[in-house]
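In what follows, a single structure is set out as structure tokens and then discussed.
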Amino acid sequence: GRSLTAAGGDAAAASRRAVRLPTPGSPAPALPRGAGLRIPGVSPFLTPNDDFYRVDTALVVPKVDAGSWRLRIRGRGVRRPLTLSFADLLRRELVERDITLTCVSNEVGGPYVGTARWIGVPLAALLAECGVRPPSRGGRADQLVARSVDGMTIGSPVEDLMDGRDALLAVGMNGTPLPFDHGFPVRMVVPGLYGYVSACKWIEDIELTTFDAYDPYWVRRGWARRAPIKTQSRIDTPKPFARPSAGTVMVAGVAWAQHRGIDRVEVRVDDGPWRPARLAPEDSRDTWRQWSFPWQATKGGHTLTVRATDRTGRTQTDRRTRTVPDGASGRHSVVVTVE
């Protein structure tokens, strides 16, 4: 088994080294000046590939040879079934977008969120070529089930995939072909949906069906069928139980509400009033937004809490819930001792 795996891995690695990503026909806009705060301790705006979060379900990361990889599109409402090779995808019009992904298993203040610059094929256009229509336009399927080479099944709402957002079949991440850990040769990336209902890695099959007809992997294990990302914010600095000196202490972090955008971030010290943080310029409503708050810290123990408001006017709730069934809610706070 080890010998066969190693042999397959060598061929896959060679196929990845041979990939030359075409210049995207629609490049990502340049990051606005100041979108990434230069404050020690704050997460970089674009997350390096090696630092991007992973949630693995397989014992071994699949290593797929791009030369033999194929993707099938089939199912309800597909008038023109399609099979694509990796070369077929690279010949299509590619777009480049900055998109923040979040895992549904991310606890409040947790690390399972990151932003990358993705290159890929717009999924909605591909589905339309196959004759697929969203349910709002009379389409027969309301769920797209993506299947991975390792047997994972992930179900996404067809309506969301075709509503104009930048849902992609991604082939590149931060300027390189996808790493194996992140789905080489092809994965799905959908802004605004938690990964377990959108971000199929090592994808090889797309079936159009209905939510009533099929429950994907995570739904069978008690997670919600539909899972838009909740508005959240996180304090990156100071860290919990830090011991800063009295005076000006920069409190800073990130906030996200993908495909809605962040409108406001506020910070509270102990039980005091909510005060507005300074928001860094927005890249897009599909990316997180950095923020900072210069705190005049006084000696003693203090609790810092953050909350965000998205562009729909909804402020994240203080009601704490766990991750099951559709993502954690609550407000992140840290306790520090000022010396």
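The way I read the labels, and the way they are meant: chains A, B, ... in the order of the structure tokens, residue 1 as the first residue of every chain, and ligand 1 as the first ligand shown, with later ones counted on from there.
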Enumerate, as number ranges by chain, the complete set of residues in stretch 35-144 of chain A that a backbone-based DSSP assignment places in helix (DSSP H, G or I). A: 49-51, 86-90, 123-129, 135-137
Write out, as JSON lines, each residue of stretch 178-279 of chain A that has an atom at most 10 Å from stretch 54-74 of chain A, together with the closest pair of atoms and their distance in Å to one decimal, counting only C-alpha atoms, rows going by chain and rising number.
{"residue": "A:Pro179", "atom": "CA", "partner": "A:Lys63", "partner_atom": "CA", "distance": 9.7}
{"residue": "A:Phe180", "atom": "CA", "partner": "A:Lys63", "partner_atom": "CA", "distance": 6.2}
{"residue": "A:Asp181", "atom": "CA", "partner": "A:Val61", "partner_atom": "CA", "distance": 6.3}
{"residue": "A:His182", "atom": "CA", "partner": "A:Arg54", "partner_atom": "CA", "distance": 7.6}
{"residue": "A:Gly183", "atom": "CA", "partner": "A:Pro62", "partner_atom": "CA", "distance": 8.1}
{"residue": "A:Phe184", "atom": "CA", "partner": "A:Val64", "partner_atom": "CA", "distance": 6.9}
{"residue": "A:Pro185", "atom": "CA", "partner": "A:Ala66", "partner_atom": "CA", "distance": 5.8}
{"residue": "A:Val186", "atom": "CA", "partner": "A:Ala66", "partner_atom": "CA", "distance": 8.8}
{"residue": "A:Gly195", "atom": "CA", "partner": "A:Val55", "partner_atom": "CA", "distance": 9.7}
{"residue": "A:Tyr196", "atom": "CA", "partner": "A:Val55", "partner_atom": "CA", "distance": 9.9}
{"residue": "A:Lys201", "atom": "CA", "partner": "A:Pro62", "partner_atom": "CA", "distance": 9.5}
{"residue": "A:Trp202", "atom": "CA", "partner": "A:Pro62", "partner_atom": "CA", "distance": 7.4}
{"residue": "A:Ile203", "atom": "CA", "partner": "A:Leu71", "partner_atom": "CA", "distance": 7.2}
{"residue": "A:Glu204", "atom": "CA", "partner": "A:Leu71", "partner_atom": "CA", "distance": 4.5}
{"residue": "A:Asp205", "atom": "CA", "partner": "A:Arg72", "partner_atom": "CA", "distance": 4.8}
{"residue": "A:Ile206", "atom": "CA", "partner": "A:Ile73", "partner_atom": "CA", "distance": 4.8}
{"residue": "A:Glu207", "atom": "CA", "partner": "A:Arg74", "partner_atom": "CA", "distance": 5.1}
{"residue": "A:Leu208", "atom": "CA", "partner": "A:Arg74", "partner_atom": "CA", "distance": 6.3}
{"residue": "A:Thr209", "atom": "CA", "partner": "A:Arg74", "partner_atom": "CA", "distance": 9.2}
Give me, as a PyMOL selection string, all polymer residues having an atom no more than 7 Å from A:Ser156, counting only C-alpha atoms and skipping those fewer than 3 positions away in the same chain. chain A and resi 143-145+197-198
